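Peer 1: You'll find model.txt just under this line, and it carries compact mmCIF, C-alpha atoms.
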```txt
# COMPACT_ATOMS: atom_id res chain seq x y z
CA GLN A 12 332.69 224.71 16.65
CA LEU A 13 330.45 222.24 14.82
CA THR A 14 328.40 219.74 16.83
CA LEU A 15 326.25 216.82 15.70
CA ILE A 16 323.92 214.95 18.08
CA HIS A 17 321.94 211.96 16.88
CA ARG A 18 319.53 209.76 18.85
CA LEU A 19 319.80 206.17 17.63
CA SER A 20 317.03 204.89 19.93
CA THR A 21 315.35 205.69 23.22
CA ARG A 22 318.46 204.39 25.01
CA TRP A 23 321.35 205.25 22.67
CA ASN A 24 322.57 208.58 21.37
CA ILE A 25 325.84 209.76 19.86
CA SER A 26 327.48 213.16 19.60
CA ALA A 27 330.47 214.53 17.71
CA THR A 28 332.15 217.94 17.85
CA ALA A 29 334.87 219.50 15.71
CA HIS A 30 336.56 222.72 16.86
CA TYR A 31 339.20 225.24 15.82
CA THR A 32 340.63 228.23 17.72
CA HIS A 33 343.21 230.80 16.58
CA GLY A 34 345.03 233.10 18.95
CA ALA A 35 347.59 235.85 18.44
CA GLY A 36 349.06 238.72 20.43
CA TYR A 37 352.08 240.06 22.29
CA TYR A 38 353.19 241.77 25.46
CA GLU A 39 355.81 244.49 25.67
CA GLN A 40 358.62 245.07 28.18
CA TYR A 41 361.11 247.86 28.81
CA LYS A 42 364.14 246.53 30.69
CA ARG A 43 367.89 246.87 30.99
CA LYS A 44 369.53 243.75 29.58
CA LYS A 45 372.84 242.52 28.28
CA LEU A 46 373.00 242.96 24.52
CA SER A 47 373.53 239.20 24.16
CA TYR A 48 370.00 238.74 25.52
CA TRP A 49 368.77 240.03 22.15
CA GLY A 50 371.40 238.14 20.16
CA LEU A 51 373.58 241.22 19.69
CA LEU A 52 377.36 241.47 19.88
CA GLY A 53 379.05 243.49 22.58
CA ASN A 54 379.36 246.52 20.29
CA GLY A 55 375.63 246.68 19.52
CA GLN A 56 375.93 245.11 16.06
CA LEU A 57 373.86 242.09 15.05
CA GLY A 58 375.26 238.80 16.32
CA ILE A 59 374.80 235.30 15.00
CA GLY A 60 371.69 234.55 17.03
CA ASN A 61 373.19 232.15 19.56
CA GLY A 62 374.26 234.49 22.34
CA LEU A 63 378.00 234.31 21.51
CA LEU A 64 379.80 237.63 21.81
CA GLY A 65 382.38 239.26 19.63
CA ILE A 66 385.38 241.23 20.83
CA GLY A 67 384.50 243.70 23.55
CA GLU A 68 382.45 243.88 26.68
CA ASP A 69 378.94 242.48 26.81
CA ARG A 70 377.46 245.84 27.71
CA LYS A 71 373.97 246.50 29.00
CA ALA A 72 371.33 248.81 27.58
CA TYR A 73 367.66 249.64 28.02
CA GLY A 74 365.50 248.16 25.30
CA MET A 75 361.83 247.93 24.44
CA TYR A 76 360.96 244.48 23.14
CA ARG A 77 357.87 242.44 22.40
CA LYS A 78 357.23 238.73 22.87
CA HIS A 79 354.66 237.46 20.39
CA LEU A 80 352.57 234.33 20.01
CA ASP A 81 350.57 232.98 17.10
CA ASN A 82 348.80 229.70 17.78
CA HIS A 83 346.28 227.24 16.36
CA PHE A 84 344.26 224.71 18.34
CA PHE A 85 341.95 222.18 16.70
CA GLY A 86 340.52 218.72 17.19
CA GLY A 87 337.46 216.57 17.67
CA VAL A 88 335.38 214.91 20.40
CA LEU A 89 333.21 211.83 19.97
CA SER A 90 330.94 210.06 22.47
CA ALA A 91 328.16 207.46 22.63
CA LYS A 92 325.80 207.20 25.59
CA TYR A 93 323.47 204.44 26.75
CA VAL A 94 320.79 205.07 29.39
CA SER A 95 318.50 202.50 31.01
CA GLU A 96 316.67 202.17 34.29
CA ALA A 97 319.54 200.32 35.97
CA ILE A 98 322.68 201.57 34.26
CA ASP A 99 324.19 204.49 32.35
CA MET A 100 327.22 203.91 30.14
CA GLN A 101 329.33 206.24 28.04
CA LEU A 102 332.13 205.56 25.58
CA GLY A 103 334.16 208.26 23.91
CA GLY A 104 337.38 209.89 23.00
CA ALA A 105 339.02 213.08 21.84
CA ALA A 106 342.02 214.16 19.82
CA ASN A 107 343.43 217.69 19.91
CA TYR A 108 346.45 219.34 18.33
CA TYR A 109 348.13 222.60 19.35
CA LEU A 110 350.59 224.47 17.14
CA GLY A 111 352.18 227.61 18.59
CA ASP A 112 354.78 230.03 17.24
CA HIS A 113 356.62 232.21 19.76
CA PHE A 114 358.92 235.00 18.59
CA GLY A 115 360.41 238.25 19.84
CA THR A 116 361.04 241.62 18.23
CA LEU A 117 363.29 244.40 19.49
CA ASN A 118 361.73 247.78 18.73
CA TYR A 119 364.07 250.22 20.49
CA LEU A 120 367.54 250.40 22.06
CA GLU A 121 368.96 253.38 23.92
CA ASP A 122 372.06 255.32 22.83
CA SER A 123 371.15 254.99 19.13
CA LEU A 124 372.49 251.46 18.96
CA ILE A 125 371.98 250.05 15.47
CA VAL A 126 368.99 247.70 15.26
CA PRO A 127 366.84 247.08 12.16
CA ILE A 128 363.15 247.95 12.36
CA ASN A 129 361.20 245.09 14.00
CA TYR A 130 364.40 243.07 14.43
CA GLU A 131 363.38 239.50 15.31
CA TYR A 132 365.83 238.17 17.88
CA TYR A 133 364.34 234.74 18.57
CA ARG A 134 361.70 232.31 17.32
CA ASN A 135 360.57 228.90 18.53
CA ASN A 136 357.76 226.56 17.68
CA ALA A 137 355.80 224.32 20.05
CA LYS A 138 353.46 221.44 19.21
CA LYS A 139 351.29 219.36 21.50
CA THR A 140 349.24 216.30 20.61
CA ASP A 141 346.66 215.26 23.22
CA ALA A 142 344.39 212.24 22.67
CA ASN A 143 342.29 210.05 24.95
CA VAL A 144 339.72 207.26 24.98
CA TYR A 145 337.47 206.44 27.93
CA ALA A 146 334.63 204.25 29.17
CA LYS A 147 332.50 204.97 32.21
CA ALA A 148 329.40 203.52 33.82
CA ASN A 149 327.01 204.19 36.69
CA TRP A 150 325.15 201.15 38.01
CA ARG A 151 322.10 201.75 40.22
CA ILE A 152 322.24 198.59 42.32
CA ILE A 153 319.37 199.64 44.60
CA HIS A 154 316.94 202.31 43.46
CA ARG A 155 313.71 202.17 45.43
CA ALA A 156 311.78 204.75 47.47
CA GLN A 157 314.30 206.73 49.52
CA GLU A 158 317.02 204.07 49.48
CA LYS A 159 319.61 204.21 46.68
CA LEU A 160 322.91 202.40 46.20
CA SER A 161 325.09 203.19 43.16
CA LEU A 162 328.46 202.04 41.91
CA TYR A 163 330.39 203.99 39.29
CA ALA A 164 333.64 203.47 37.44
CA ASP A 165 335.61 205.50 34.90
CA LEU A 166 338.60 204.27 32.86
CA GLN A 167 340.66 206.57 30.65
CA TYR A 168 343.80 206.16 28.55
CA ARG A 169 345.52 209.40 27.54
CA TYR A 170 348.46 210.08 25.21
CA VAL A 171 350.41 213.35 25.20
CA ARG A 172 353.30 214.36 22.95
CA TYR A 173 355.35 217.56 23.17
CA GLU A 174 357.55 218.81 20.32
CA ARG A 175 359.61 221.98 20.36
CA ASN A 176 362.14 223.60 18.02
CA GLY A 177 363.94 226.92 17.77
CA MET A 178 365.70 229.16 20.26
CA ASN A 179 365.05 229.78 23.93
CA ASP A 180 364.06 233.43 24.42
CA GLU A 181 366.06 233.70 27.66
CA ASP A 182 369.58 232.61 26.60
CA MET A 183 369.40 232.29 22.76
CA THR A 184 370.39 228.60 22.91
CA ASN A 185 368.87 225.89 20.73
CA TRP A 186 365.71 224.45 22.22
CA PRO A 187 364.78 221.07 20.66
CA LEU A 188 362.57 218.71 22.61
CA GLU A 189 360.48 215.60 21.93
CA VAL A 190 358.75 213.78 24.79
CA ASP A 191 355.83 211.34 25.04
CA PHE A 192 353.50 210.42 27.90
CA HIS A 193 351.13 207.46 28.29
CA PHE A 194 348.63 207.80 31.13
CA PHE A 195 346.04 205.42 32.58
CA ASN A 196 343.51 207.24 34.78
CA PRO A 197 340.99 204.96 36.57
CA LYS A 198 338.34 206.05 39.06
CA ALA A 199 335.74 204.10 41.05
CA GLY A 200 333.27 205.01 43.75
CA LEU A 201 330.25 203.90 45.75
CA THR A 202 327.34 206.01 47.05
CA TYR A 203 324.57 205.01 49.44
CA GLN A 204 321.56 207.25 50.13
CA ASN A 205 318.69 206.66 52.57
CA ARG A 206 316.25 209.11 54.18
CA GLY A 207 318.42 212.19 53.85
CA HIS A 208 321.68 210.41 54.64
CA LEU A 209 324.33 210.11 51.91
CA LEU A 210 327.54 208.10 52.31
CA SER A 211 330.20 208.08 49.57
CA ALA A 212 333.63 206.59 49.02
CA SER A 213 335.95 206.85 46.03
CA PHE A 214 339.43 206.04 44.77
CA ALA A 215 341.15 207.55 41.73
CA ILE A 216 344.51 207.66 40.01
CA ALA A 217 345.29 210.80 38.02
CA ASN A 218 348.32 211.79 35.97
CA ARG A 219 349.33 215.23 34.73
CA GLU A 220 352.07 216.19 32.31
CA PRO A 221 354.46 219.13 32.97
CA SER A 222 353.43 222.43 31.41
CA ARG A 223 355.32 224.35 28.73
CA ASN A 224 356.68 226.67 31.43
CA ASN A 225 358.07 223.69 33.38
CA TYR A 226 360.13 222.76 30.33
CA LYS A 227 360.97 226.33 29.40
CA GLU A 228 362.30 227.32 32.81
CA ASN A 229 363.96 224.07 33.96
CA VAL A 230 365.42 222.20 30.97
CA VAL A 231 368.97 222.74 29.71
CA TYR A 232 369.95 221.19 26.36
CA ASN A 233 373.56 220.29 25.55
CA ALA A 234 373.98 220.65 21.79
CA GLU A 235 377.31 218.77 21.80
CA THR A 236 376.01 215.62 23.49
CA GLY A 237 372.33 215.93 22.54
CA GLU A 238 371.38 215.36 26.17
CA TYR A 239 368.97 217.18 28.46
CA SER A 240 369.27 218.10 32.11
CA GLY A 241 366.52 219.28 34.41
CA LEU A 242 363.72 217.43 32.57
CA PRO A 243 360.56 217.57 34.70
CA HIS A 244 358.54 214.40 35.35
CA ALA A 245 354.80 213.89 35.11
CA GLU A 246 352.79 213.98 38.33
CA ARG A 247 350.90 210.94 39.60
CA LEU A 248 348.16 211.20 42.21
CA TYR A 249 346.42 208.49 44.26
CA ASP A 250 343.28 210.05 45.70
CA TYR A 251 341.22 208.48 48.53
CA GLU A 252 337.97 210.13 49.67
CA LEU A 253 335.23 209.31 52.17
CA GLY A 254 332.22 211.55 52.70
CA TYR A 255 328.99 211.79 54.66
CA ASN A 256 326.12 214.25 54.17
CA PHE A 257 322.76 214.75 55.83
CA GLY A 258 320.03 217.10 54.71
CA ASN A 259 316.38 217.98 55.22
CA LYS A 260 314.25 221.07 54.59
CA LEU A 261 315.79 222.99 57.51
CA ILE A 262 319.47 222.02 57.67
CA SER A 263 322.19 220.21 55.78
CA ALA A 264 325.61 219.14 57.01
CA GLY A 265 328.52 217.26 55.51
CA VAL A 266 332.04 216.03 56.15
CA ASN A 267 334.56 214.85 53.56
CA LEU A 268 337.89 213.19 54.37
CA TYR A 269 340.60 213.03 51.71
CA TYR A 270 344.14 211.76 51.34
CA MET A 271 346.05 212.68 48.17
CA ASP A 272 349.29 210.73 47.76
CA TYR A 273 351.59 212.27 45.12
CA THR A 274 354.57 210.97 43.19
CA ASP A 275 356.70 213.69 41.53
CA GLN A 276 354.26 216.47 42.42
CA LEU A 277 355.18 219.78 40.74
CA VAL A 278 355.44 222.25 43.62
CA LEU A 279 355.88 226.01 43.40
CA THR A 280 359.30 227.13 44.67
CA GLY A 281 358.46 230.81 45.16
CA GLN A 282 360.80 231.83 42.34
CA LEU A 283 359.65 233.82 39.32
CA SER A 284 361.05 233.69 35.80
CA ASP A 285 362.19 236.76 33.88
CA THR A 286 358.62 237.23 32.63
CA GLY A 287 357.03 236.71 36.05
CA ASN A 288 355.90 233.09 35.62
CA PRO A 289 355.88 231.05 38.86
CA MET A 290 358.52 228.28 38.78
CA SER A 291 357.99 224.69 39.93
CA VAL A 292 360.09 221.64 40.74
CA ASN A 293 359.27 217.93 41.15
CA VAL A 294 359.30 216.52 44.69
CA PRO A 295 359.48 212.68 44.80
CA ASP A 296 357.02 211.96 47.64
CA SER A 297 354.40 214.29 49.05
CA TYR A 298 350.81 214.29 50.23
CA ARG A 299 347.80 216.45 50.96
CA ALA A 300 345.39 215.26 53.65
CA GLY A 301 342.46 216.98 55.23
CA VAL A 302 338.84 217.27 56.20
CA GLU A 303 336.19 219.52 54.63
CA LEU A 304 333.18 220.55 56.72
CA ALA A 305 329.97 222.17 55.51
CA PHE A 306 326.79 223.30 57.28
CA ALA A 307 323.75 225.12 55.93
CA LEU A 308 320.65 226.47 57.63
CA ARG A 309 317.47 227.46 55.75
CA PRO A 310 314.87 228.62 58.33
CA CYS A 311 312.64 230.14 55.63
CA SER A 312 312.43 230.42 51.84
CA TRP A 313 314.20 233.79 51.65
CA PHE A 314 317.13 233.17 54.03
CA ASP A 315 320.19 230.86 53.71
CA TRP A 316 323.14 230.62 56.08
CA ASN A 317 326.18 228.60 54.94
CA ILE A 318 329.28 227.72 56.96
CA ASN A 319 332.34 225.99 55.46
CA ALA A 320 335.65 224.99 57.02
CA THR A 321 338.70 223.07 55.83
CA LEU A 322 341.62 221.70 57.81
CA SER A 323 344.50 220.40 55.69
CA ARG A 324 348.03 219.13 56.12
CA ASN A 325 350.31 219.35 53.07
CA ARG A 326 353.79 217.88 53.36
CA ILE A 327 356.83 216.79 51.40
CA LYS A 328 357.71 213.44 52.98
CA ASN A 329 361.48 213.50 52.49
```
Just give me the structure of the file as structure tokens.

Peer 2:
Amino acid sequence: QLTLIHRLSTRWNISATAHYTHGAGYYEQYKRKKLSYWGLLGNGQLGIGNGLLGIGEDRKAYGMYRKHLDNHFFGGVLSAKYVSEAIDMQLGGAANYYLGDHFGTLNYLEDSLIVPINYEYYRNNAKKTDANVYAKANWRIIHRAQEKLSLYADLQYRYVRYERNGMNDEDMTNWPLEVDFHFFNPKAGLTYQNRGHLLSASFAIANREPSRNNYKENVVYNAETGEYSGLPHAERLYDYELGYNFGNKLISAGVNLYYMDYTDQLVLTGQLSDTGNPMSVNVPDSYRAGVELAFALRPCSWFDWNINATLSRNRIKN
């Protein structure tokens, strides 16, 4: 990482960061699989890499195989900040790029089946572009003695692009994919503080793209028609929150009410993939609603007692 921070004046400063990360590794499994899982023909000879079998039964055998990754992640972050007595403002953005190679090697098969050393039975490549720009501000409307009233707002535009090529490691089928997302994520809130009492309210919209596993486990590509089935959708969340807190030297207590209204929330089904990854599916309409309670007692400087409780209701509407 390389970071530059420069103060333009007593109120303005800018910062920029460039970063690069490289990762590589593998995990190994020993399982009984059909030979076509490794792109082999039914007689144990090398196939054509698409899971099609030759003459004979698609027999099963124990094999020791490794699934590798080799990835690169790099990008930059830029921000400018303004601070005054009445208002703080920040403008910024970021752009990141991920490039990942995934490939598998078969190192051993039982019964002396013929396999070349370090036979590579699949390879695919994944790319992700993630960029955003934002502007946020905190306006101290009232800021005197123990009374404070503040209004804050945060606006963000985010662009995400997935690209994928190569073969699926589960069924040896072709695995092309190109998908784009455009997200607008606004947030606004109000806080009022007076003599130990703090009241807050906020509203936010948040969007989240499906993960690589959501695509890997759910999407089926038809090479003849060029069409996809099972494509997951991005989540959208409308979040409403209202909170109250009170505190002094002896005690503090707080309550926070929230209602999270989801469109196309990705919900765990309880199923696991072949490699043990939890699987998810979109549900059109769902919500999470609840109340969070907190209490703390500090009778002396060396003793704290904290109590927390949450009651929530989480439902798929239809």

Peer 1: Quick one: of A:Leu253, A:Ser263, A:Gln282, A:Asn118, who's nearest to Pro310 (chain A), counting only C-alpha atoms?

Peer 2: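 The answer is A:Ser263, which sits nearest to Pro310 (chain A).
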
Peer 1: Name the residues in contact with region 274-280 of chain A at a cut-off of 9 Å, using all atoms listed in the file, excluding same-chain residues fewer than 3 positions from it; report them as a list of chain:residue names.

Peer 2: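 Those residues are A:Pro221, A:Asn225, A:Pro243, A:His244, A:Ala245, A:Glu246, A:Arg247, A:Leu248, A:Tyr249, A:Leu283, A:Pro289, A:Met290, A:Ser291, A:Val292, A:Asn293, A:Val294, A:Pro295, A:Asp296, A:Ser297, A:Tyr298.
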
Peer 1: Which value, in Å to one decimal, gives the distance between CA of Arg151 (chain A) and CA of Asp272 (chain A)?

Peer 2: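 Rounded to one decimal, the two atoms are 29.6 Å apart.
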
Peer 1: Interatomic distance between CA of Tyr163 (chain A) and CA of Lys147 (chain A)?

Peer 2: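 Spanning CA of Tyr163 (chain A) to CA of Lys147 (chain A) is a straight-line distance of 7.5 Å.
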
Peer 1: CA of Ser20 (chain A) and CA of Val94 (chain A), how far apart in Å?

Peer 2: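 Computing it gives 10.2 Å between the two atoms.
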
Peer 1: Show which residues sit within 7 Å of Arg77 (chain A), as a PyMOL selection string. Count all atoms listed in the file, and ignore same-chain residues fewer than 5 positions away.

Peer 2: chain A and resi 37-40+115-117

Peer 1: Looking at A:Ala29, A:Met100, A:Ala320, A:Leu19, which one is nearest to Leu162 (chain A), with distances taken over all atoms listed in the file?

Peer 2: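 Result for the nearest residue to Leu162 (chain A): A:Met100.
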
Peer 1: Find the residues around Val144 (chain A) up to 7 Å (all atoms listed in the file counted), leave out those fewer than 2 positions away in its own chain, and share them as a ChimeraX atom specification.

Peer 2: /A:103-105,167-169

Peer 1: Within 8 Å of (323.4, 226.8, 62.0) (file coordinates; all atoms listed in the file), which protein or nucleic acid residues are there? I'd like them as a list in words.

Peer 2: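 Here the neighbourhood of the point contains Ile262, Phe306, Ala307, Leu308, Trp316, Asn317 and Ile318 of chain A.
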
Peer 1: Tell me which protein, DNA and RNA residues are within 10 Å of Gly87 (chain A), counting all atoms listed in the file, leaving out same-chain ones fewer than 6 positions away, and put them as a PDB file with C-alpha atoms, in the frame of the given file.

Peer 2:
```
ATOM      1  CA  GLN A  12     332.690 224.710  16.650  1.00  0.00           C
ATOM      2  CA  LEU A  13     330.450 222.240  14.820  1.00  0.00           C
ATOM      3  CA  THR A  14     328.400 219.740  16.830  1.00  0.00           C
ATOM      4  CA  ALA A  27     330.470 214.530  17.710  1.00  0.00           C
ATOM      5  CA  THR A  28     332.150 217.940  17.850  1.00  0.00           C
ATOM      6  CA  ALA A  29     334.870 219.500  15.710  1.00  0.00           C
ATOM      7  CA  HIS A  30     336.560 222.720  16.860  1.00  0.00           C
ATOM      8  CA  TYR A  31     339.200 225.240  15.820  1.00  0.00           C
ATOM      9  CA  GLY A 104     337.380 209.890  23.000  1.00  0.00           C
ATOM     10  CA  ALA A 105     339.020 213.080  21.840  1.00  0.00           C
ATOM     11  CA  ALA A 106     342.020 214.160  19.820  1.00  0.00           C
ATOM     12  CA  ASN A 107     343.430 217.690  19.910  1.00  0.00           C
ATOM     13  CA  TYR A 108     346.450 219.340  18.330  1.00  0.00           C
ATOM     14  CA  ALA A 142     344.390 212.240  22.670  1.00  0.00           C
TER      15      ALA A 142
END
```

Peer 1: Find the residue from A:Ile98, A:Ile216, A:Leu166, A:Leu110 that sits nearest to Phe84 (chain A); use all atoms listed in the file when measuring.

Peer 2: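 The shortest atom-to-atom distance to Phe84 (chain A) comes from A:Leu110.
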
Peer 1: Select all residues near (348.4, 238.5, 20.7) (cut-off 8 Å, inclusive, file coordinates), counting all atoms listed in the file, and output them as a PyMOL selection string.

Peer 2: chain A and resi 34-38+79-81

Peer 1: Find, counting all atoms listed in the file, the residue in A:Thr32, A:Asn82, A:Asn256, A:Asn135 that gets nearest to Asn185 (chain A).

Peer 2: A:Asn135

Peer 1: Which residue out of A:Lys198, A:Arg309, A:His33, A:Arg70 has the minimum interatomic distance to Phe214 (chain A) when only C-alpha atoms are used?

Peer 2: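 Result for the nearest residue to Phe214 (chain A): A:Lys198.
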
Peer 1: Just want the 8 Å neighbourhood of region 191-194 of chain A, counted on all atoms listed in the file, with same-chain residues fewer than 4 positions away dropped. Output as a short mmCIF file (atom, residue, chain, number, x, y, z; two decimals) with C-alpha atoms, keeping the file's coordinate frame.

Peer 2:
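Contents of the output file around.cif:
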```cif
data_model
loop_
_atom_site.label_atom_id
_atom_site.label_comp_id
_atom_site.auth_asym_id
_atom_site.auth_seq_id
_atom_site.Cartn_x
_atom_site.Cartn_y
_atom_site.Cartn_z
CA TYR A 168 343.80 206.16 28.55
CA ARG A 169 345.52 209.40 27.54
CA TYR A 170 348.46 210.08 25.21
CA VAL A 171 350.41 213.35 25.20
CA ARG A 172 353.30 214.36 22.95
CA TYR A 173 355.35 217.56 23.17
CA ASN A 218 348.32 211.79 35.97
CA GLU A 220 352.07 216.19 32.31
#
```

Peer 1: For Gly207 (chain A), which residue among A:Leu120, A:Met178, A:Ala156, A:Leu102 is the nearest when counting all atoms listed in the file?

Peer 2: A:Ala156

Peer 1: Where atoms are absent from region 82-91 of chain A, fill them in so it carries all heavy atoms, then output it as a PDB file, in the coordinates of the input.

Peer 2:
```
ATOM      1  N   ASN A  82     349.049 231.117  17.572  1.00  0.00           N
ATOM      2  CA  ASN A  82     348.800 229.700  17.780  1.00  0.00           C
ATOM      3  C   ASN A  82     347.492 229.219  17.155  1.00  0.00           C
ATOM      4  O   ASN A  82     346.579 230.010  16.886  1.00  0.00           O
ATOM      5  CB  ASN A  82     348.845 229.347  19.274  1.00  0.00           C
ATOM      6  CG  ASN A  82     347.911 230.201  20.100  1.00  0.00           C
ATOM      7  OD1 ASN A  82     346.773 230.426  19.731  1.00  0.00           O
ATOM      8  ND2 ASN A  82     348.391 230.670  21.249  1.00  0.00           N
ATOM      9  N   HIS A  83     347.445 227.913  16.933  1.00  0.00           N
ATOM     10  CA  HIS A  83     346.280 227.240  16.360  1.00  0.00           C
ATOM     11  C   HIS A  83     345.974 226.024  17.224  1.00  0.00           C
ATOM     12  O   HIS A  83     346.877 225.273  17.597  1.00  0.00           O
ATOM     13  CB  HIS A  83     346.556 226.796  14.924  1.00  0.00           C
ATOM     14  CG  HIS A  83     347.026 227.896  14.032  1.00  0.00           C
ATOM     15  ND1 HIS A  83     346.157 228.684  13.296  1.00  0.00           N
ATOM     16  CD2 HIS A  83     348.275 228.365  13.776  1.00  0.00           C
ATOM     17  CE1 HIS A  83     346.861 229.578  12.611  1.00  0.00           C
ATOM     18  NE2 HIS A  83     348.143 229.407  12.894  1.00  0.00           N
ATOM     19  N   PHE A  84     344.692 225.843  17.523  1.00  0.00           N
ATOM     20  CA  PHE A  84     344.260 224.710  18.340  1.00  0.00           C
ATOM     21  C   PHE A  84     343.020 224.100  17.683  1.00  0.00           C
ATOM     22  O   PHE A  84     342.029 224.797  17.452  1.00  0.00           O
ATOM     23  CB  PHE A  84     343.938 225.187  19.764  1.00  0.00           C
ATOM     24  CG  PHE A  84     343.445 224.084  20.680  1.00  0.00           C
ATOM     25  CD1 PHE A  84     344.240 222.989  20.968  1.00  0.00           C
ATOM     26  CD2 PHE A  84     342.187 224.159  21.265  1.00  0.00           C
ATOM     27  CE1 PHE A  84     343.799 221.987  21.818  1.00  0.00           C
ATOM     28  CE2 PHE A  84     341.742 223.169  22.114  1.00  0.00           C
ATOM     29  CZ  PHE A  84     342.548 222.069  22.391  1.00  0.00           C
ATOM     30  N   PHE A  85     343.092 222.809  17.370  1.00  0.00           N
ATOM     31  CA  PHE A  85     341.950 222.180  16.700  1.00  0.00           C
ATOM     32  C   PHE A  85     341.875 220.706  17.072  1.00  0.00           C
ATOM     33  O   PHE A  85     342.855 220.106  17.543  1.00  0.00           O
ATOM     34  CB  PHE A  85     342.031 222.357  15.187  1.00  0.00           C
ATOM     35  CG  PHE A  85     343.295 221.851  14.556  1.00  0.00           C
ATOM     36  CD1 PHE A  85     343.387 220.550  14.101  1.00  0.00           C
ATOM     37  CD2 PHE A  85     344.401 222.688  14.418  1.00  0.00           C
ATOM     38  CE1 PHE A  85     344.552 220.092  13.505  1.00  0.00           C
ATOM     39  CE2 PHE A  85     345.574 222.234  13.832  1.00  0.00           C
ATOM     40  CZ  PHE A  85     345.647 220.929  13.378  1.00  0.00           C
ATOM     41  N   GLY A  86     340.692 220.119  16.860  1.00  0.00           N
ATOM     42  CA  GLY A  86     340.520 218.720  17.190  1.00  0.00           C
ATOM     43  C   GLY A  86     339.073 218.296  17.125  1.00  0.00           C
ATOM     44  O   GLY A  86     338.204 219.014  16.602  1.00  0.00           O
ATOM     45  N   GLY A  87     338.804 217.124  17.682  1.00  0.00           N
ATOM     46  CA  GLY A  87     337.460 216.570  17.670  1.00  0.00           C
ATOM     47  C   GLY A  87     337.166 215.761  18.910  1.00  0.00           C
ATOM     48  O   GLY A  87     338.071 215.237  19.565  1.00  0.00           O
ATOM     49  N   VAL A  88     335.869 215.663  19.240  1.00  0.00           N
ATOM     50  CA  VAL A  88     335.380 214.910  20.400  1.00  0.00           C
ATOM     51  C   VAL A  88     334.235 214.028  19.940  1.00  0.00           C
ATOM     52  O   VAL A  88     333.353 214.485  19.205  1.00  0.00           O
ATOM     53  CB  VAL A  88     334.900 215.863  21.524  1.00  0.00           C
ATOM     54  CG1 VAL A  88     334.448 215.075  22.747  1.00  0.00           C
ATOM     55  CG2 VAL A  88     335.985 216.856  21.893  1.00  0.00           C
ATOM     56  N   LEU A  89     334.245 212.779  20.378  1.00  0.00           N
ATOM     57  CA  LEU A  89     333.210 211.830  19.970  1.00  0.00           C
ATOM     58  C   LEU A  89     332.759 211.034  21.192  1.00  0.00           C
ATOM     59  O   LEU A  89     333.585 210.601  21.992  1.00  0.00           O
ATOM     60  CB  LEU A  89     333.762 210.867  18.910  1.00  0.00           C
ATOM     61  CG  LEU A  89     332.813 209.794  18.368  1.00  0.00           C
ATOM     62  CD1 LEU A  89     331.689 210.439  17.572  1.00  0.00           C
ATOM     63  CD2 LEU A  89     333.576 208.804  17.499  1.00  0.00           C
ATOM     64  N   SER A  90     331.443 210.837  21.336  1.00  0.00           N
ATOM     65  CA  SER A  90     330.940 210.060  22.470  1.00  0.00           C
ATOM     66  C   SER A  90     329.653 209.351  22.096  1.00  0.00           C
ATOM     67  O   SER A  90     328.890 209.811  21.244  1.00  0.00           O
ATOM     68  CB  SER A  90     330.716 210.947  23.702  1.00  0.00           C
ATOM     69  OG  SER A  90     329.649 211.839  23.471  1.00  0.00           O
ATOM     70  N   ALA A  91     329.408 208.220  22.760  1.00  0.00           N
ATOM     71  CA  ALA A  91     328.160 207.460  22.630  1.00  0.00           C
ATOM     72  C   ALA A  91     327.661 207.154  24.028  1.00  0.00           C
ATOM     73  O   ALA A  91     328.438 206.737  24.894  1.00  0.00           O
ATOM     74  CB  ALA A  91     328.404 206.164  21.852  1.00  0.00           C
TER      75      ALA A  91
END
```
